[in-house]
Amino acid sequence: MKFAPKIIVGVIIFIVVLVILINSFVIVQAGNVQVLTQFGKTVGVTFNPGIHIKIPFVQNTVNYSTRQVTYETSDFPETSNANYTDYAVDTTSLDGQQINVKYTIRFGIDGKKAEWILNNIGTMDQLVEKVVKTQARSLSRNIPKKYTAAQLYSEGVFDVQFEIGETLRPVFEKKGIIMDEFLLRKIDFTEQYFNVLEEKQIAEEKIVVERNVLEQEKIKKEQTIIQAEAEARQIEIKGEALKLYPQIIQLEFIQKLAPNITWGILPEEGIIPFLDLSNVVEDLGGTTNIAPVTQTDE
């Protein structure tokens, strides 16, 4: 039993040495960097992926992910698979419509600026809270206010996405953040706006129908005018023909009485002449299929 204290001391020494050794080595996983600190202050050293040695209990490290991470806003953040989640942004359009903006930001940390980030902003979580979240929510609230609800409901949404993304990018770069992508996933509108939109659509369709009716009436009116002008011209031409060939009146009169008559008796200044209708037709340049009739004595 006299060896028991020695055994206990040996075990303690082994444990202490093991703890010292464990705290002397730093293993940095791929896609990460670790900033070395000594008594809470940075010492100008950043560990890249691999194994490194530090002074145990005196020096520590702060980890930053250089991999792409995701920050996402939604109505139910707890259901999101993003690395960092938040609620959607409430704002208004240029014409005062209430809207709800949902977006996703994919970004990573510039490993070369990790020490600067730690000294000026803080940890990874603090960086997301102070920079990514603050800047993105501010722009997502203010930029859509320059667009009407109709624009945000249509192609204007792409302009908003582009403007927010291009404004965020240089701001992030100054803070050591490399933004890969800003995605404006969805802009939600109130039920009241959709009711207004539906009423507007109905009104526009009604205007189109009424315009088509008016256009049809206009076409009918033009057709009537054209037809009347054609009939007037026809009468004019016929009148000119009658002046040149008065026999036409006699021909039309007899043809209407009996289409098969080629001879007729018409009064003319007290004399009853026999009119050869076939000759009249020939004089007018026409033809007839009317058959002659036999003259009878009274």
# chains A, B, ... in the order shown; residues from 1 in each chain; ligands from 1

call {"tool": "select_by_dssp", "arguments": {"residues": "segment 79-250 of chain A", "states": "strand (DSSP E)", "output": "VMD selection string"}}
result
chain A and resid 84 to 87 89 to 92 98 to 109 177 to 189

call {"tool": "atom_distance", "arguments": {"atom1": "atom CA of Asp95 of chain A", "atom2": "atom CA of Ile187 of chain A"}}
result
15.2 Å

call {"tool": "closest_atom_pairs", "arguments": {"of": "segment 146-237 of chain A", "to": "segment 105-121 of chain A", "cutoff": "7 Å", "atoms": "only C-alpha atoms", "output": "JSON lines"}}
result
{"residue": "A:Lys175", "atom": "CA", "partner": "A:Ile117", "partner_atom": "CA", "distance": 7.0}
{"residue": "A:Gly176", "atom": "CA", "partner": "A:Asp110", "partner_atom": "CA", "distance": 5.3}
{"residue": "A:Ile177", "atom": "CA", "partner": "A:Ile109", "partner_atom": "CA", "distance": 4.8}
{"residue": "A:Ile178", "atom": "CA", "partner": "A:Gly108", "partner_atom": "CA", "distance": 5.2}
{"residue": "A:Met179", "atom": "CA", "partner": "A:Phe107", "partner_atom": "CA", "distance": 4.2}
{"residue": "A:Asp180", "atom": "CA", "partner": "A:Phe107", "partner_atom": "CA", "distance": 5.2}
{"residue": "A:Glu181", "atom": "CA", "partner": "A:Arg106", "partner_atom": "CA", "distance": 5.2}
{"residue": "A:Phe182", "atom": "CA", "partner": "A:Ile105", "partner_atom": "CA", "distance": 4.7}
{"residue": "A:Leu183", "atom": "CA", "partner": "A:Ile105", "partner_atom": "CA", "distance": 6.4}

call {"tool": "write_last_selection", "arguments": {"atoms": "N, CA and C atoms", "output": "PDB file, in the first residue's frame"}}
result
ATOM      1  N   LYS A 175     -16.400  44.755 -44.774  1.00  0.00           N
ATOM      2  CA  LYS A 175     -16.461  44.083 -43.470  1.00  0.00           C
ATOM      3  C   LYS A 175     -15.885  42.676 -43.511  1.00  0.00           C
ATOM      4  N   GLY A 176     -15.226  42.333 -44.608  1.00  0.00           N
ATOM      5  CA  GLY A 176     -14.609  41.012 -44.702  1.00  0.00           C
ATOM      6  C   GLY A 176     -15.557  39.907 -45.107  1.00  0.00           C
ATOM      7  N   ILE A 177     -16.699  40.284 -45.687  1.00  0.00           N
ATOM      8  CA  ILE A 177     -17.694  39.283 -46.103  1.00  0.00           C
ATOM      9  C   ILE A 177     -17.719  39.209 -47.627  1.00  0.00           C
ATOM     10  N   ILE A 178     -17.648  38.013 -48.148  1.00  0.00           N
ATOM     11  CA  ILE A 178     -17.736  37.803 -49.596  1.00  0.00           C
ATOM     12  C   ILE A 178     -19.137  37.279 -49.910  1.00  0.00           C
ATOM     13  N   MET A 179     -19.961  38.120 -50.539  1.00  0.00           N
ATOM     14  CA  MET A 179     -21.330  37.699 -50.848  1.00  0.00           C
ATOM     15  C   MET A 179     -21.360  36.971 -52.185  1.00  0.00           C
ATOM     16  N   ASP A 180     -21.852  35.770 -52.173  1.00  0.00           N
ATOM     17  CA  ASP A 180     -21.976  34.985 -53.405  1.00  0.00           C
ATOM     18  C   ASP A 180     -23.264  35.308 -54.149  1.00  0.00           C
ATOM     19  N   GLU A 181     -24.342  35.517 -53.389  1.00  0.00           N
ATOM     20  CA  GLU A 181     -25.628  35.702 -54.066  1.00  0.00           C
ATOM     21  C   GLU A 181     -26.660  36.299 -53.123  1.00  0.00           C
ATOM     22  N   PHE A 182     -27.458  37.217 -53.682  1.00  0.00           N
ATOM     23  CA  PHE A 182     -28.638  37.718 -52.971  1.00  0.00           C
ATOM     24  C   PHE A 182     -29.858  37.308 -53.778  1.00  0.00           C
ATOM     25  N   LEU A 183     -30.759  36.588 -53.164  1.00  0.00           N
ATOM     26  CA  LEU A 183     -31.956  36.091 -53.851  1.00  0.00           C
ATOM     27  C   LEU A 183     -33.202  36.672 -53.188  1.00  0.00           C
TER      28      LEU A 183
END

call {"tool": "residues_around", "arguments": {"residues": "Val62 of chain A", "least_positions_apart": "6", "cutoff": "7 Å", "atoms": "only C-alpha atoms", "output": "list in words"}}
result
Gln34, Val35 and Leu36 of chain A

call {"tool": "write_last_selection", "arguments": {"atoms": "N, CA and C atoms", "output": "compact mmCIF listing (two decimals), in the first residue's frame"}}
result
# COMPACT_ATOMS: atom_id res chain seq x y z
N GLN A 34 -8.85 30.05 -37.98
CA GLN A 34 -8.93 30.38 -36.56
C GLN A 34 -7.93 31.48 -36.23
N VAL A 35 -8.43 32.51 -35.56
CA VAL A 35 -7.60 33.64 -35.17
C VAL A 35 -7.02 33.35 -33.78
N LEU A 36 -5.70 33.47 -33.66
CA LEU A 36 -5.01 33.19 -32.40
C LEU A 36 -5.07 34.41 -31.49

call {"tool": "atom_distance", "arguments": {"atom1": "atom CA of Ile225 of chain A", "atom2": "atom CA of Arg211 of chain A"}}
result
20.9 Å

call {"tool": "residues_around", "arguments": {"residues": "segment 156-168 of chain A", "least_positions_apart": "3", "cutoff": "10 Å", "atoms": "only C-alpha atoms", "output": "number ranges by chain"}}
result
A: 103, 105, 131-132, 135-136, 138-140, 142-153, 171-173, 179-187

call {"tool": "atom_distance", "arguments": {"atom1": "atom CA of Thr37 of chain A", "atom2": "atom CA of Lys174 of chain A"}}
result
22.7 Å

call {"tool": "residues_around", "arguments": {"residues": "segment 15-31 of chain A", "least_positions_apart": "6", "cutoff": "6 Å", "atoms": "only C-alpha atoms", "output": "PyMOL selection string"}}
result
chain A and resi 49-56+65-67

call {"tool": "write_last_selection", "arguments": {"atoms": "N, CA, C and O atoms", "output": "PDB file, in the first residue's frame"}}
result
ATOM      1  N   PRO A  49      -6.422  25.851 -42.408  1.00  0.00           N
ATOM      2  CA  PRO A  49      -6.696  24.425 -42.183  1.00  0.00           C
ATOM      3  C   PRO A  49      -5.414  23.610 -41.997  1.00  0.00           C
ATOM      4  O   PRO A  49      -4.443  23.756 -42.739  1.00  0.00           O
ATOM      5  N   GLY A  50      -5.409  22.761 -40.968  1.00  0.00           N
ATOM      6  CA  GLY A  50      -4.256  21.944 -40.650  1.00  0.00           C
ATOM      7  C   GLY A  50      -4.058  21.865 -39.144  1.00  0.00           C
ATOM      8  O   GLY A  50      -4.939  22.230 -38.371  1.00  0.00           O
ATOM      9  N   ILE A  51      -2.872  21.386 -38.706  1.00  0.00           N
ATOM     10  CA  ILE A  51      -2.573  21.256 -37.281  1.00  0.00           C
ATOM     11  C   ILE A  51      -1.540  22.323 -36.887  1.00  0.00           C
ATOM     12  O   ILE A  51      -0.579  22.576 -37.615  1.00  0.00           O
ATOM     13  N   HIS A  52      -1.783  22.956 -35.732  1.00  0.00           N
ATOM     14  CA  HIS A  52      -0.924  24.052 -35.285  1.00  0.00           C
ATOM     15  C   HIS A  52      -0.667  23.902 -33.785  1.00  0.00           C
ATOM     16  O   HIS A  52      -1.390  23.197 -33.067  1.00  0.00           O
ATOM     17  N   ILE A  53       0.396  24.577 -33.298  1.00  0.00           N
ATOM     18  CA  ILE A  53       0.771  24.539 -31.885  1.00  0.00           C
ATOM     19  C   ILE A  53       0.561  25.920 -31.265  1.00  0.00           C
ATOM     20  O   ILE A  53       0.857  26.953 -31.874  1.00  0.00           O
ATOM     21  N   LYS A  54       0.045  25.932 -30.039  1.00  0.00           N
ATOM     22  CA  LYS A  54      -0.140  27.172 -29.300  1.00  0.00           C
ATOM     23  C   LYS A  54       0.248  26.939 -27.846  1.00  0.00           C
ATOM     24  O   LYS A  54       0.416  25.797 -27.405  1.00  0.00           O
ATOM     25  N   ILE A  55       0.382  28.037 -27.109  1.00  0.00           N
ATOM     26  CA  ILE A  55       0.722  27.921 -25.693  1.00  0.00           C
ATOM     27  C   ILE A  55      -0.544  27.548 -24.917  1.00  0.00           C
ATOM     28  O   ILE A  55      -1.536  28.284 -24.969  1.00  0.00           O
ATOM     29  N   PRO A  56      -0.557  26.427 -24.263  1.00  0.00           N
ATOM     30  CA  PRO A  56      -1.782  26.002 -23.556  1.00  0.00           C
ATOM     31  C   PRO A  56      -2.168  26.969 -22.430  1.00  0.00           C
ATOM     32  O   PRO A  56      -1.304  27.506 -21.735  1.00  0.00           O
ATOM     33  N   SER A  65     -15.893  30.479 -40.325  1.00  0.00           N
ATOM     34  CA  SER A  65     -16.104  29.595 -41.473  1.00  0.00           C
ATOM     35  C   SER A  65     -15.883  30.370 -42.768  1.00  0.00           C
ATOM     36  O   SER A  65     -16.470  31.435 -42.983  1.00  0.00           O
ATOM     37  N   THR A  66     -15.017  29.842 -43.610  1.00  0.00           N
ATOM     38  CA  THR A  66     -14.813  30.448 -44.934  1.00  0.00           C
ATOM     39  C   THR A  66     -15.671  29.764 -45.987  1.00  0.00           C
ATOM     40  O   THR A  66     -15.650  30.139 -47.153  1.00  0.00           O
ATOM     41  N   ARG A  67     -16.418  28.751 -45.572  1.00  0.00           N
ATOM     42  CA  ARG A  67     -17.364  28.097 -46.490  1.00  0.00           C
ATOM     43  C   ARG A  67     -18.583  28.985 -46.714  1.00  0.00           C
ATOM     44  O   ARG A  67     -18.837  29.908 -45.947  1.00  0.00           O
TER      45      ARG A  67
END

call {"tool": "residues_around", "arguments": {"residues": "Ile99 of chain A", "least_positions_apart": "6", "cutoff": "8 Å", "atoms": "only C-alpha atoms", "output": "list of chain:residue names"}}
result
A:Asp90, A:Thr91, A:Thr92, A:Ser93, A:Ile187, A:Asp188, A:Phe189, A:Thr190

call {"tool": "select_by_dssp", "arguments": {"residues": "segment 59-173 of chain A", "states": "alpha helix (DSSP H)", "output": "ChimeraX atom specification"}}
result
/A:114-120,124-127,134-142,149-153,156-173

call {"tool": "write_last_selection", "arguments": {"atoms": "N, CA and C atoms", "output": "short mmCIF file (atom, residue, chain, number, x, y, z; two decimals), in the first residue's frame"}}
result
data_model
loop_
_atom_site.label_atom_id
_atom_site.label_comp_id
_atom_site.auth_asym_id
_atom_site.auth_seq_id
_atom_site.Cartn_x
_atom_site.Cartn_y
_atom_site.Cartn_z
N ALA A 114 -10.02 37.81 -41.21
CA ALA A 114 -10.63 37.23 -40.01
C ALA A 114 -10.16 37.95 -38.74
N GLU A 115 -8.88 38.29 -38.65
CA GLU A 115 -8.38 38.99 -37.46
C GLU A 115 -9.00 40.38 -37.35
N TRP A 116 -9.12 41.07 -38.50
CA TRP A 116 -9.76 42.40 -38.49
C TRP A 116 -11.20 42.29 -38.00
N ILE A 117 -11.91 41.26 -38.48
CA ILE A 117 -13.30 41.06 -38.07
C ILE A 117 -13.39 40.86 -36.56
N LEU A 118 -12.49 40.03 -36.01
CA LEU A 118 -12.51 39.78 -34.58
C LEU A 118 -12.24 41.06 -33.79
N ASN A 119 -11.30 41.87 -34.25
CA ASN A 119 -10.94 43.09 -33.54
C ASN A 119 -12.01 44.18 -33.65
N ASN A 120 -12.72 44.24 -34.78
CA ASN A 120 -13.63 45.35 -35.03
C ASN A 120 -15.11 45.00 -34.92
N MET A 124 -18.26 35.18 -35.40
CA MET A 124 -19.07 34.92 -36.60
C MET A 124 -20.53 35.28 -36.37
N ASP A 125 -21.07 34.88 -35.25
CA ASP A 125 -22.46 35.19 -34.95
C ASP A 125 -22.69 36.70 -34.83
N GLN A 126 -21.73 37.39 -34.22
CA GLN A 126 -21.85 38.84 -34.10
C GLN A 126 -21.74 39.52 -35.46
N LEU A 127 -20.90 38.96 -36.33
CA LEU A 127 -20.76 39.50 -37.68
C LEU A 127 -22.08 39.40 -38.44
N THR A 134 -28.36 43.42 -40.27
CA THR A 134 -28.69 44.85 -40.20
C THR A 134 -28.74 45.49 -41.57
N GLN A 135 -27.70 45.28 -42.37
CA GLN A 135 -27.63 45.91 -43.69
C GLN A 135 -28.70 45.36 -44.63
N ALA A 136 -28.87 44.05 -44.63
CA ALA A 136 -29.84 43.43 -45.55
C ALA A 136 -31.27 43.85 -45.21
N ARG A 137 -31.63 43.87 -43.96
CA ARG A 137 -32.99 44.26 -43.58
C ARG A 137 -33.24 45.74 -43.89
N SER A 138 -32.22 46.56 -43.70
CA SER A 138 -32.39 47.99 -43.97
C SER A 138 -32.65 48.23 -45.46
N LEU A 139 -31.85 47.63 -46.32
CA LEU A 139 -32.02 47.82 -47.77
C LEU A 139 -33.31 47.17 -48.26
N SER A 140 -33.64 46.02 -47.71
CA SER A 140 -34.86 45.33 -48.13
C SER A 140 -36.12 46.07 -47.69
N ARG A 141 -35.97 46.92 -46.71
CA ARG A 141 -37.10 47.73 -46.25
C ARG A 141 -37.22 49.04 -47.07
N ASN A 142 -36.09 49.61 -47.46
CA ASN A 142 -36.10 50.93 -48.09
C ASN A 142 -36.17 50.91 -49.62
N ALA A 149 -46.66 48.96 -56.18
CA ALA A 149 -47.05 47.57 -55.94
C ALA A 149 -47.15 46.79 -57.25
N ALA A 150 -47.66 47.47 -58.29
CA ALA A 150 -47.78 46.81 -59.60
C ALA A 150 -46.41 46.42 -60.14
N GLN A 151 -45.41 47.28 -59.95
CA GLN A 151 -44.06 46.96 -60.40
C GLN A 151 -43.47 45.80 -59.60
N LEU A 152 -43.70 45.81 -58.30
CA LEU A 152 -43.18 44.74 -57.46
C LEU A 152 -43.89 43.42 -57.72
N TYR A 153 -45.10 43.50 -58.24
CA TYR A 153 -45.88 42.30 -58.55
C TYR A 153 -45.48 41.71 -59.89
N GLY A 156 -40.66 44.33 -62.01
CA GLY A 156 -39.90 45.23 -61.14
C GLY A 156 -39.20 44.51 -60.02
N VAL A 157 -39.66 43.32 -59.67
CA VAL A 157 -39.05 42.57 -58.58
C VAL A 157 -37.59 42.21 -58.90
N PHE A 158 -37.29 42.02 -60.19
CA PHE A 158 -35.92 41.71 -60.58
C PHE A 158 -35.02 42.93 -60.42
N ASP A 159 -35.56 44.11 -60.67
CA ASP A 159 -34.80 45.33 -60.46
C ASP A 159 -34.49 45.53 -58.98
N VAL A 160 -35.45 45.21 -58.14
CA VAL A 160 -35.25 45.34 -56.69
C VAL A 160 -34.17 44.36 -56.23
N GLN A 161 -34.25 43.14 -56.68
CA GLN A 161 -33.25 42.14 -56.32
C GLN A 161 -31.85 42.59 -56.73
N PHE A 162 -31.73 43.09 -57.96
CA PHE A 162 -30.43 43.52 -58.46
C PHE A 162 -29.89 44.70 -57.65
N GLU A 163 -30.75 45.67 -57.37
CA GLU A 163 -30.31 46.87 -56.64
C GLU A 163 -29.86 46.53 -55.22
N ILE A 164 -30.63 45.69 -54.53
CA ILE A 164 -30.25 45.31 -53.16
C ILE A 164 -28.93 44.55 -53.18
N GLY A 165 -28.80 43.59 -54.09
CA GLY A 165 -27.59 42.78 -54.17
C GLY A 165 -26.35 43.62 -54.46
N GLU A 166 -26.48 44.53 -55.44
CA GLU A 166 -25.34 45.34 -55.83
C GLU A 166 -24.99 46.38 -54.76
N THR A 167 -25.96 46.79 -53.96
CA THR A 167 -25.68 47.73 -52.87
C THR A 167 -25.03 47.01 -51.69
N LEU A 168 -25.46 45.80 -51.43
CA LEU A 168 -24.91 45.03 -50.31
C LEU A 168 -23.46 44.59 -50.55
N ARG A 169 -23.15 44.25 -51.78
CA ARG A 169 -21.85 43.63 -52.07
C ARG A 169 -20.66 44.46 -51.58
N PRO A 170 -20.55 45.73 -51.96
CA PRO A 170 -19.39 46.51 -51.48
C PRO A 170 -19.41 46.75 -49.98
N VAL A 171 -20.60 46.86 -49.38
CA VAL A 171 -20.71 47.03 -47.93
C VAL A 171 -20.16 45.79 -47.22
N PHE A 172 -20.51 44.63 -47.72
CA PHE A 172 -20.02 43.38 -47.13
C PHE A 172 -18.51 43.24 -47.29
N GLU A 173 -18.01 43.61 -48.47
CA GLU A 173 -16.58 43.46 -48.74
C GLU A 173 -15.75 44.26 -47.75
#
